[in-house]
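Visitor: Supplied in structure tokens, the structure appears directly below.
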Amino acid sequence: MLSKALLRLGASAARHPWRVIAAWLVAATLAVLAAVAFGGRTADSMTAPGLDSQRAAQLIERAGTGQEGMTAQVVVSPLDENATFFDSGSARTALTRLQTEVRRLPHVLGTSDPAGALDAGGDTTVRRGLVSADGRIAVVRVQYPDQSRLSAEDLDALVDLGDRLRAELPLRIEMGGNLFYAFSDPDGGVSELIGLLAAAAILFLAFGSLVAAALPIGMAVFGLTVGVATMTVLAGVTDVPAFAPVLGSMVGLGVGIDYALFVLARHREYLACGLDPRAAAGRAVATAGRPVVFAGGTVVVSILGLAVADVPFMTVGGVAVSIVVLIMVLASVTLLPAFLGAAGPRLARAGRIGRALQTRKPGRLARRQAPAAGAAHAAGWRRWIGHVGRHPVPYAVGAAALLLTATLPVLGLRVGLPDDGSLPQSRTERRAYDLVAEGFGPGTNGPLVIAADPTGDPGVLDRLVGAVAADPGIASVAPTHIDRATGIATLVVFPTTSPQDRATADTIARLRTDVLPTAIGHGPARAHVGGAAASLSDVGRRTSQRLPGFVAAVLAMSFLLLMLVFRSILVPLKAVLLNLLSIGASYGIMVAVFQWGWGDTLIGLEATVPIVSFIPMFLFAILFGLSMDYEVFLLSRVREEYLRTGDNATAIVEGVSRTARIITSAALIMVAVFLSFAVADDPSTKMFGLGLATAILIDATVVRMVLVPATMTLLGRANWWLPKWLDRLLPRGPVGTDDTRAESTGAAPLPGRG
């Protein structure tokens with residue numbers, strides 16, 4: 001059913017290529033115009049319902065103190081390294097002018113007053129957090145309203161003011177704060193270009209044709225344009241996290257080019273069989289397009305499963321990325337066959353390397369000679385797979401031991417969110433972070449906000465302040481602010497450690513479980529710990545708690561889908577275990593690089609950082625879908641050969657060797673695209689890029705080319721065992737070889753047959 005629908009869709013697009021291309025041009029134009037007219041900016045809201053930090057935010061919002069809004073900080077010091085604000089009149093005058101000009105910016109509710117603190121002389125109570133003890137560093141804290149009332153123009157206005165004042169005042173001026181985090185442009189532009197160029201080079205080597213290499217790139221660019229524009233429109237309706245466009249571009253380019261590669265390779269096989277280009281395009285979409293739809297749908301379903309974490313920004317981010325993947329699937333079965341129809345017979349002319357992908361000759365003779373033809377074109381892979389099949393135990397044990405060893409660092413995985421101290425020195429946020437840490441201590445970069453409702457216990461605030469100040473993890477407590485209308489009090493608390501330090505999370509936990517309950521007692525008063533550091537710690541804990549259940553659900557779905565496709569119990573069980581190994585190894589490599597610093601200079605990492613709390617769950621969802629792509633592609637061919645010959649060893653050698661080149665090319669494209677993002681400035685983008693690249697590389701090499709043939713050889717005919725009662729209950733798989741002989745990796749049907 002699906003094959004017939006895809007056949008009609010692909011053939012129609014190939015017969016009327018310019019209509020389809022024009023329709024996509026119109027769609028891309030409308031999407032871009034809608035993004036300009038109705039789109040919004042990405043906005044990070046690292047909160048979730050039911051968390052203690054969320055309750056603190058709700059109390060702060062009720063009090064109307066303004067602390068629930070966005071903040072920025074302008075960090076200044078005299079240009080004269082030997083001067084301080086105390087003895088440099090010009091520096092103090094410049095500081096006063098800077099404060100005045102910052103207050104005049106649009107939407108600024110107010111600023112702190114380090115110049116006034118200096119006038120107070122040595123009163124450390126007044127100067128605390130505003131001027132460093134040595135008088136060399138001052139901080140102007142800028143308060144903005146809620147993020148919904150702001151835009152990137154507010155950040156631009158602050159940055160432009162800083163650029164102007166640097167030229168006019170004798171001050172070193174650096175800036176940071178969550179205004180930058182919310183509205184800075186995410187990494188991606190240069191990385192996308194690098195990824196596209198690398199993919200183009202690999203495609204040219206694979207097909208030996210500029211035209212063949214250009215088509216997948218053109219399709220991916222079209223799809224990415226529509227996808228990112230649609231994501232921008234979505235951002236005008238709800239808060240789309242800042243990582244979504246970067247991750248959407250990364251995954252969209254990877255899967256788009258990969259899917260196009262599968263369809264294009266199959267199209268050229270049909271051309272070699274003597275089919276008309278339009279008929280070949282229709283057949284290619286009918287066969288290779290089926291696994292594309294299956295794999296893309298699996299990626300979407302698994303990513304949407306992130307909703308189980310009950311963290312809104314992860315759910316919305318998953319929806320945004322899923323939109324890009326769906327558009328790439330749609331482009332693969334409509335726009336690509338239109339390109340193929342427009343290109344005509346030129347795609348049949350391949351270079352030396354491109355001819356290696358063609359494993360069939362036209363006519364009935366080709367079907368009888370398939371194994372010999374395959375052997376001629378894939379002799380190297382056949383020798384390797386045969387060698388593994390003759391020594392399955394040492395290869396299975398050795399490869400599994402290698403992946404388990406790479407997985408071991410996961411035992412030390414620590415989730416959190418890298419702070420500005422992990423950014424490169426070229427960023428003003430990093431320089432501001434370092435100045436604040438130097439002048440006031442590392443904890444000043446991540447203050448906690450304790451919101452307390454002292455209802456029924458007027459003495460609770462004094463006990464609360466005393467207990468918090470006495471905690472060994474707290475460096476200082478700012479003066480308490482009490483809202484007269486509601487009675488709600490807010491305490492700004494500075495830890496002794498940096499926001500991403502494990503000790504800060506321990507301090508937050510201790511305040512909640514010990515310090516605050518002891519100070520409040522059993523009365524009606526209540527207090528909650530909020531602030532950015534607390535919110536991120538809470539989100540990290542929730543995602544860690546939900547990750548095992550999410551992984552179990554994804555693996556169960558993987559098992560059921562593969563059982564439907566391949567009519568087997570052991571094949572899907574093996575696939576689930578091998579997927580766990582490859583993804584676990586990827587996690588381990590991430591821990592070794594980002595937490596331990598192994599090879600950090602290769603990707604430009606400035607300092608060791610914890611693993612971003614939501615990345616392990618996101619990576620698992622994405623990698624599950626991508627690994628299913630290769631799983632179906634390879635095992636479909638093995639299954640075909642087994643049904644044809646009835647010999648397990650022959651089926652493994654023929655199936656793996658005939659898919660090895662395409663899988664290798666597809667994996668190289670994915671790895672190139674993902675690694676291009678691993679050199680971005682933002683550590684979160686680096687983690688996504690490196691995590692995806694290493695997992696795909698491991699999956700396409702160690703797993704597909706060593707563990708799969710070794711374990712399938714050991715299992716023998718048991719690979720395809722399925723109880724008869726279960727076989728009768730299961731519906732026929734939508735992709736499996738039981739409902740069609742011509743899979744994306746299988747034999748090309750003869751002209752007029754299929």
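Simple scheme: letters A, B, ... for chains in structure tokens order, numbers from 1 for residues in each chain, numbers from 1 for ligands in the order shown.
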Could you pull the residues within 10 Å of Gly523 in chain A, counting only C-alpha atoms, minus those fewer than 4 positions along the same chain, as number ranges by chain?

Guide: A: 454-457, 460, 517

Visitor: I need the residues from that last selection saved to file as a JSON list (two decimals), in the first residue's frame (with C-alpha atoms), if you can.

Guide:
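Below is the file that was written, again_9.json:
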[["chain", "number", "residue", "atom", "x", "y", "z"],
["A", 454, "PRO", "CA", 6.44, 34.51, 56.28],
["A", 455, "THR", "CA", 2.67, 34.36, 56.77],
["A", 456, "GLY", "CA", 1.84, 33.78, 60.45],
["A", 457, "ASP", "CA", 5.47, 33.86, 61.62],
["A", 460, "VAL", "CA", 10.97, 33.66, 60.47],
["A", 517, "PRO", "CA", 13.09, 23.56, 56.98]]

Visitor: What's the 6 Å shell around range 131-134 of chain A, counting only C-alpha atoms, without same-chain residues fewer than 3 positions away, as a ChimeraX atom specification?

Guide: /A:127,137-138,439-440

Visitor: Now that the selection is made, can you save its residues with N, CA and C atoms as a short mmCIF file (atom, residue, chain, number, x, y, z; two decimals), in the first residue's frame?

Guide:
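Just written: result.cif:
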data_model
loop_
_atom_site.label_atom_id
_atom_site.label_comp_id
_atom_site.auth_asym_id
_atom_site.auth_seq_id
_atom_site.Cartn_x
_atom_site.Cartn_y
_atom_site.Cartn_z
N ARG A 127 28.91 48.12 50.02
CA ARG A 127 29.67 47.83 48.80
C ARG A 127 29.55 46.39 48.36
N ILE A 137 37.28 46.53 40.64
CA ILE A 137 36.23 45.99 39.78
C ILE A 137 34.87 46.41 40.32
N ALA A 138 34.03 46.95 39.45
CA ALA A 138 32.68 47.34 39.84
C ALA A 138 31.67 46.67 38.91
N GLY A 439 36.97 39.45 41.25
CA GLY A 439 36.71 40.50 42.22
C GLY A 439 35.81 40.11 43.37
N PHE A 440 34.89 39.16 43.14
CA PHE A 440 33.87 38.87 44.16
C PHE A 440 33.75 37.40 44.52
#

Visitor: Residues within 8 Å of Leu730 in chain A, please, as a list in words. Count only C-alpha atoms; anything in the same chain fewer than 3 positions from it doesn't count.

Guide: Leu564, Leu726 and Asp727 of chain A

Visitor: Which is closer to Ala307 in chain A than all the others in A:Ile202, A:Val319, A:Met590, A:Leu171, using only C-alpha atoms?

Guide: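 Of all the options, A:Val319 lies closest to Ala307 in chain A.
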
Visitor: List every residue of range 494-567 of chain A that DSSP, applied to the backbone of this structure, assigns to alpha helix (DSSP H), and report them as a PyMOL selection string.

Guide: chain A and resi 502-510+516-520+532-566

Visitor: Residues of the last selection are to be written out with N, CA and C atoms, as a compact mmCIF listing (two decimals), in the first residue's frame.

Guide:
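Result went into out-v1.txt, see below:
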# COMPACT_ATOMS: atom_id res chain seq x y z
N ARG A 502 29.82 21.21 41.07
CA ARG A 502 28.99 20.22 41.76
C ARG A 502 28.63 20.69 43.18
N ALA A 503 29.56 21.40 43.82
CA ALA A 503 29.32 21.87 45.18
C ALA A 503 28.14 22.83 45.25
N THR A 504 27.89 23.58 44.17
CA THR A 504 26.75 24.49 44.15
C THR A 504 25.44 23.71 44.19
N ALA A 505 25.36 22.64 43.43
CA ALA A 505 24.16 21.79 43.48
C ALA A 505 23.98 21.18 44.86
N ASP A 506 25.10 20.80 45.50
CA ASP A 506 25.02 20.27 46.86
C ASP A 506 24.51 21.33 47.83
N THR A 507 24.96 22.57 47.65
CA THR A 507 24.50 23.67 48.51
C THR A 507 23.01 23.89 48.35
N ILE A 508 22.54 23.89 47.11
CA ILE A 508 21.10 24.07 46.85
C ILE A 508 20.30 22.96 47.53
N ALA A 509 20.76 21.73 47.38
CA ALA A 509 20.05 20.60 48.00
C ALA A 509 20.05 20.73 49.53
N ARG A 510 21.18 21.16 50.09
CA ARG A 510 21.27 21.30 51.55
C ARG A 510 20.35 22.40 52.07
N LEU A 516 16.55 25.50 55.26
CA LEU A 516 15.26 26.18 55.24
C LEU A 516 14.22 25.50 56.14
N PRO A 517 14.07 24.18 56.07
CA PRO A 517 13.09 23.56 56.98
C PRO A 517 13.40 23.81 58.45
N THR A 518 14.69 23.81 58.83
CA THR A 518 15.06 24.05 60.23
C THR A 518 14.70 25.47 60.65
N ALA A 519 14.98 26.44 59.76
CA ALA A 519 14.70 27.84 60.09
C ALA A 519 13.20 28.12 60.14
N ILE A 520 12.44 27.51 59.29
CA ILE A 520 11.00 27.77 59.21
C ILE A 520 10.24 27.01 60.27
N ALA A 532 18.68 31.20 38.45
CA ALA A 532 19.06 30.41 37.27
C ALA A 532 19.78 29.12 37.64
N ALA A 533 20.74 29.21 38.59
CA ALA A 533 21.50 28.01 38.96
C ALA A 533 20.59 26.96 39.56
N ALA A 534 19.63 27.38 40.41
CA ALA A 534 18.71 26.43 41.02
C ALA A 534 17.78 25.82 39.98
N SER A 535 17.29 26.63 39.04
CA SER A 535 16.40 26.12 37.99
C SER A 535 17.09 25.06 37.15
N LEU A 536 18.33 25.33 36.77
CA LEU A 536 19.06 24.39 35.95
C LEU A 536 19.36 23.11 36.72
N SER A 537 19.67 23.24 37.98
CA SER A 537 19.90 22.06 38.82
C SER A 537 18.64 21.22 38.91
N ASP A 538 17.49 21.86 39.07
CA ASP A 538 16.22 21.14 39.16
C ASP A 538 15.88 20.41 37.86
N VAL A 539 16.07 21.11 36.74
CA VAL A 539 15.78 20.49 35.44
C VAL A 539 16.70 19.29 35.22
N GLY A 540 17.96 19.45 35.58
CA GLY A 540 18.89 18.34 35.44
C GLY A 540 18.49 17.13 36.25
N ARG A 541 18.04 17.36 37.47
CA ARG A 541 17.61 16.25 38.31
C ARG A 541 16.37 15.57 37.74
N ARG A 542 15.42 16.37 37.24
CA ARG A 542 14.20 15.76 36.69
C ARG A 542 14.51 14.93 35.44
N THR A 543 15.33 15.46 34.54
CA THR A 543 15.65 14.70 33.33
C THR A 543 16.42 13.42 33.67
N SER A 544 17.28 13.49 34.68
CA SER A 544 18.02 12.29 35.09
C SER A 544 17.06 11.24 35.64
N GLN A 545 16.06 11.68 36.38
CA GLN A 545 15.09 10.75 36.94
C GLN A 545 14.22 10.12 35.85
N ARG A 546 13.89 10.89 34.82
CA ARG A 546 12.99 10.38 33.77
C ARG A 546 13.73 9.63 32.67
N LEU A 547 15.06 9.76 32.61
CA LEU A 547 15.82 9.15 31.52
C LEU A 547 15.68 7.63 31.46
N PRO A 548 15.81 6.89 32.57
CA PRO A 548 15.69 5.43 32.46
C PRO A 548 14.34 4.98 31.89
N GLY A 549 13.24 5.59 32.34
CA GLY A 549 11.93 5.23 31.81
C GLY A 549 11.81 5.55 30.33
N PHE A 550 12.36 6.69 29.92
CA PHE A 550 12.32 7.08 28.51
C PHE A 550 13.11 6.09 27.66
N VAL A 551 14.31 5.73 28.13
CA VAL A 551 15.14 4.78 27.39
C VAL A 551 14.43 3.44 27.27
N ALA A 552 13.82 2.97 28.35
CA ALA A 552 13.11 1.69 28.31
C ALA A 552 11.96 1.73 27.30
N ALA A 553 11.22 2.85 27.27
CA ALA A 553 10.10 2.96 26.33
C ALA A 553 10.60 2.97 24.89
N VAL A 554 11.68 3.69 24.63
CA VAL A 554 12.22 3.76 23.27
C VAL A 554 12.74 2.39 22.82
N LEU A 555 13.43 1.69 23.71
CA LEU A 555 13.95 0.38 23.35
C LEU A 555 12.82 -0.63 23.13
N ALA A 556 11.77 -0.53 23.92
CA ALA A 556 10.63 -1.43 23.72
C ALA A 556 9.98 -1.16 22.36
N MET A 557 9.83 0.12 22.01
CA MET A 557 9.26 0.46 20.70
C MET A 557 10.17 -0.04 19.58
N SER A 558 11.49 0.09 19.77
CA SER A 558 12.45 -0.38 18.78
C SER A 558 12.31 -1.89 18.57
N PHE A 559 12.20 -2.61 19.67
CA PHE A 559 12.06 -4.07 19.58
C PHE A 559 10.81 -4.47 18.81
N LEU A 560 9.69 -3.83 19.13
CA LEU A 560 8.42 -4.19 18.48
C LEU A 560 8.45 -3.86 16.99
N LEU A 561 8.98 -2.69 16.65
CA LEU A 561 9.02 -2.30 15.24
C LEU A 561 9.88 -3.25 14.42
N LEU A 562 11.07 -3.58 14.95
CA LEU A 562 11.95 -4.47 14.22
C LEU A 562 11.40 -5.89 14.16
N MET A 563 10.67 -6.30 15.17
CA MET A 563 10.03 -7.62 15.13
C MET A 563 8.98 -7.66 14.02
N LEU A 564 8.23 -6.55 13.86
CA LEU A 564 7.26 -6.48 12.77
C LEU A 564 7.94 -6.53 11.41
N VAL A 565 9.07 -5.83 11.30
CA VAL A 565 9.74 -5.72 10.01
C VAL A 565 10.40 -7.02 9.60
N PHE A 566 11.11 -7.68 10.54
CA PHE A 566 11.96 -8.81 10.18
C PHE A 566 11.42 -10.17 10.64

Visitor: From the set A:Gly69, A:Pro392, A:Gly135, A:Gly604, which residue has the shortest atom-to-atom contact distance to Pro424 in chain A, counting only C-alpha atoms?

Guide: A:Gly604

Visitor: May I have the residues within 7 Å of Asn445 in chain A as a PDB file with all heavy atoms, in the first residue's frame, using only C-alpha atoms and disregarding those fewer than 2 positions away in the same chain?

Guide:
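around_28.pdb written:
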ATOM      1  N   TYR A 433      32.609  37.325  33.114  1.00  0.00           N
ATOM      2  CA  TYR A 433      32.561  36.242  34.104  1.00  0.00           C
ATOM      3  C   TYR A 433      33.872  36.188  34.889  1.00  0.00           C
ATOM      4  O   TYR A 433      33.873  36.090  36.127  1.00  0.00           O
ATOM      5  CB  TYR A 433      32.305  34.925  33.383  1.00  0.00           C
ATOM      6  CG  TYR A 433      32.262  33.710  34.269  1.00  0.00           C
ATOM      7  CD1 TYR A 433      31.053  33.190  34.711  1.00  0.00           C
ATOM      8  CD2 TYR A 433      33.434  33.050  34.651  1.00  0.00           C
ATOM      9  CE1 TYR A 433      31.005  32.066  35.521  1.00  0.00           C
ATOM     10  CE2 TYR A 433      33.401  31.933  35.455  1.00  0.00           C
ATOM     11  CZ  TYR A 433      32.188  31.437  35.889  1.00  0.00           C
ATOM     12  OH  TYR A 433      32.153  30.325  36.693  1.00  0.00           O
ATOM     13  N   VAL A 436      34.241  39.169  37.337  1.00  0.00           N
ATOM     14  CA  VAL A 436      33.383  39.028  38.516  1.00  0.00           C
ATOM     15  C   VAL A 436      33.955  37.980  39.461  1.00  0.00           C
ATOM     16  O   VAL A 436      34.001  38.176  40.694  1.00  0.00           O
ATOM     17  CB  VAL A 436      31.949  38.662  38.099  1.00  0.00           C
ATOM     18  CG1 VAL A 436      31.110  38.271  39.313  1.00  0.00           C
ATOM     19  CG2 VAL A 436      31.297  39.834  37.380  1.00  0.00           C
ATOM     20  N   ALA A 437      34.393  36.845  38.915  1.00  0.00           N
ATOM     21  CA  ALA A 437      34.971  35.794  39.759  1.00  0.00           C
ATOM     22  C   ALA A 437      36.232  36.284  40.459  1.00  0.00           C
ATOM     23  O   ALA A 437      36.475  35.968  41.630  1.00  0.00           O
ATOM     24  CB  ALA A 437      35.277  34.564  38.911  1.00  0.00           C
ATOM     25  N   PRO A 442      33.701  33.172  42.696  1.00  0.00           N
ATOM     26  CA  PRO A 442      33.003  32.509  41.579  1.00  0.00           C
ATOM     27  C   PRO A 442      31.502  32.427  41.756  1.00  0.00           C
ATOM     28  O   PRO A 442      30.750  32.424  40.783  1.00  0.00           O
ATOM     29  CB  PRO A 442      33.637  31.112  41.547  1.00  0.00           C
ATOM     30  CG  PRO A 442      34.205  30.913  42.919  1.00  0.00           C
ATOM     31  CD  PRO A 442      34.636  32.271  43.392  1.00  0.00           C
ATOM     32  N   GLY A 443      31.010  32.354  43.005  1.00  0.00           N
ATOM     33  CA  GLY A 443      29.585  32.216  43.221  1.00  0.00           C
ATOM     34  C   GLY A 443      28.778  33.428  42.846  1.00  0.00           C
ATOM     35  O   GLY A 443      27.555  33.335  42.643  1.00  0.00           O
ATOM     36  N   PRO A 447      24.057  33.789  41.411  1.00  0.00           N
ATOM     37  CA  PRO A 447      23.366  33.983  42.696  1.00  0.00           C
ATOM     38  C   PRO A 447      22.084  33.160  42.777  1.00  0.00           C
ATOM     39  O   PRO A 447      21.424  32.900  41.773  1.00  0.00           O
ATOM     40  CB  PRO A 447      23.064  35.483  42.701  1.00  0.00           C
ATOM     41  CG  PRO A 447      23.032  35.877  41.262  1.00  0.00           C
ATOM     42  CD  PRO A 447      24.051  35.010  40.588  1.00  0.00           C
ATOM     43  N   SER A 498      31.148  28.218  41.799  1.00  0.00           N
ATOM     44  CA  SER A 498      30.607  28.679  40.525  1.00  0.00           C
ATOM     45  C   SER A 498      29.300  27.961  40.203  1.00  0.00           C
ATOM     46  O   SER A 498      29.007  26.888  40.750  1.00  0.00           O
ATOM     47  CB  SER A 498      31.620  28.435  39.405  1.00  0.00           C
ATOM     48  OG  SER A 498      31.776  27.050  39.172  1.00  0.00           O
ATOM     49  N   PRO A 499      28.503  28.512  39.284  1.00  0.00           N
ATOM     50  CA  PRO A 499      27.201  27.902  38.958  1.00  0.00           C
ATOM     51  C   PRO A 499      27.288  26.462  38.488  1.00  0.00           C
ATOM     52  O   PRO A 499      26.401  25.656  38.786  1.00  0.00           O
ATOM     53  CB  PRO A 499      26.658  28.814  37.851  1.00  0.00           C
ATOM     54  CG  PRO A 499      27.323  30.121  38.078  1.00  0.00           C
ATOM     55  CD  PRO A 499      28.697  29.801  38.604  1.00  0.00           C
TER      56      PRO A 499
END

Visitor: What lies within 9 Å of range 663-668 of chain A using only C-alpha atoms, ignoring chain neighbours under 6 positions off, as a list in words?

Guide: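 Here the answer would be Ala199, Ile202, Leu203, Ala206, Gly254, Ile257, Asp258, Tyr259, Leu261, Phe262, Tyr630, Phe633, Leu634, Ala693, Ile696, Leu697, Asp699, Ala700, Thr701 and Arg704 of chain A.
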
Visitor: Write out as a list of chain:residue names all residues of range 143-341 of chain A that backbone DSSP assigns to strand (DSSP E or B).

Guide: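 Going through range 143-341 of chain A, the strand (DSSP E or B) residues come out as A:Gln143, A:Leu171, A:Arg172, A:Ile173, A:Glu174, A:Met175, A:Gly176.
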
Visitor: Mind writing the picked residues with N, CA, C and O atoms as a PDB file, in the first residue's frame?

Guide:
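Full text of result.pdb as output:
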ATOM      1  N   GLN A 143      18.388  45.650  35.552  1.00  0.00           N
ATOM      2  CA  GLN A 143      17.149  44.891  35.675  1.00  0.00           C
ATOM      3  C   GLN A 143      16.207  45.213  34.523  1.00  0.00           C
ATOM      4  O   GLN A 143      15.906  46.369  34.250  1.00  0.00           O
ATOM      5  N   LEU A 171      37.658  53.208  30.730  1.00  0.00           N
ATOM      6  CA  LEU A 171      37.224  52.014  31.445  1.00  0.00           C
ATOM      7  C   LEU A 171      37.316  50.783  30.547  1.00  0.00           C
ATOM      8  O   LEU A 171      37.113  50.867  29.333  1.00  0.00           O
ATOM      9  N   ARG A 172      37.618  49.678  31.168  1.00  0.00           N
ATOM     10  CA  ARG A 172      37.442  48.383  30.509  1.00  0.00           C
ATOM     11  C   ARG A 172      36.009  47.958  30.788  1.00  0.00           C
ATOM     12  O   ARG A 172      35.587  47.876  31.949  1.00  0.00           O
ATOM     13  N   ILE A 173      35.240  47.676  29.746  1.00  0.00           N
ATOM     14  CA  ILE A 173      33.818  47.380  29.894  1.00  0.00           C
ATOM     15  C   ILE A 173      33.526  46.003  29.300  1.00  0.00           C
ATOM     16  O   ILE A 173      33.789  45.759  28.120  1.00  0.00           O
ATOM     17  N   GLU A 174      33.001  45.106  30.127  1.00  0.00           N
ATOM     18  CA  GLU A 174      32.577  43.781  29.676  1.00  0.00           C
ATOM     19  C   GLU A 174      31.137  43.555  30.128  1.00  0.00           C
ATOM     20  O   GLU A 174      30.680  44.166  31.098  1.00  0.00           O
ATOM     21  N   MET A 175      30.435  42.656  29.436  1.00  0.00           N
ATOM     22  CA  MET A 175      29.011  42.465  29.715  1.00  0.00           C
ATOM     23  C   MET A 175      28.643  40.987  29.732  1.00  0.00           C
ATOM     24  O   MET A 175      29.251  40.174  29.044  1.00  0.00           O
ATOM     25  N   GLY A 176      27.627  40.670  30.527  1.00  0.00           N
ATOM     26  CA  GLY A 176      27.120  39.306  30.600  1.00  0.00           C
ATOM     27  C   GLY A 176      25.723  39.301  31.176  1.00  0.00           C
ATOM     28  O   GLY A 176      25.038  40.323  31.221  1.00  0.00           O
TER      29      GLY A 176
END

Visitor: Which residues, written as a ChimeraX atom specification, have at least one atom at most 7 Å from range 20-30 of chain A, with only C-alpha atoms counted and residues fewer than 6 positions away on the same chain left out?

Guide: /A:13,225-226,335,338

Visitor: So, with only C-alpha atoms as the atoms that count, which of A:Leu643, A:Val142, A:Val301, A:Ala695 lies closest to Leu158 in chain A?

Guide: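 The answer is A:Val142, which sits nearest to Leu158 in chain A.
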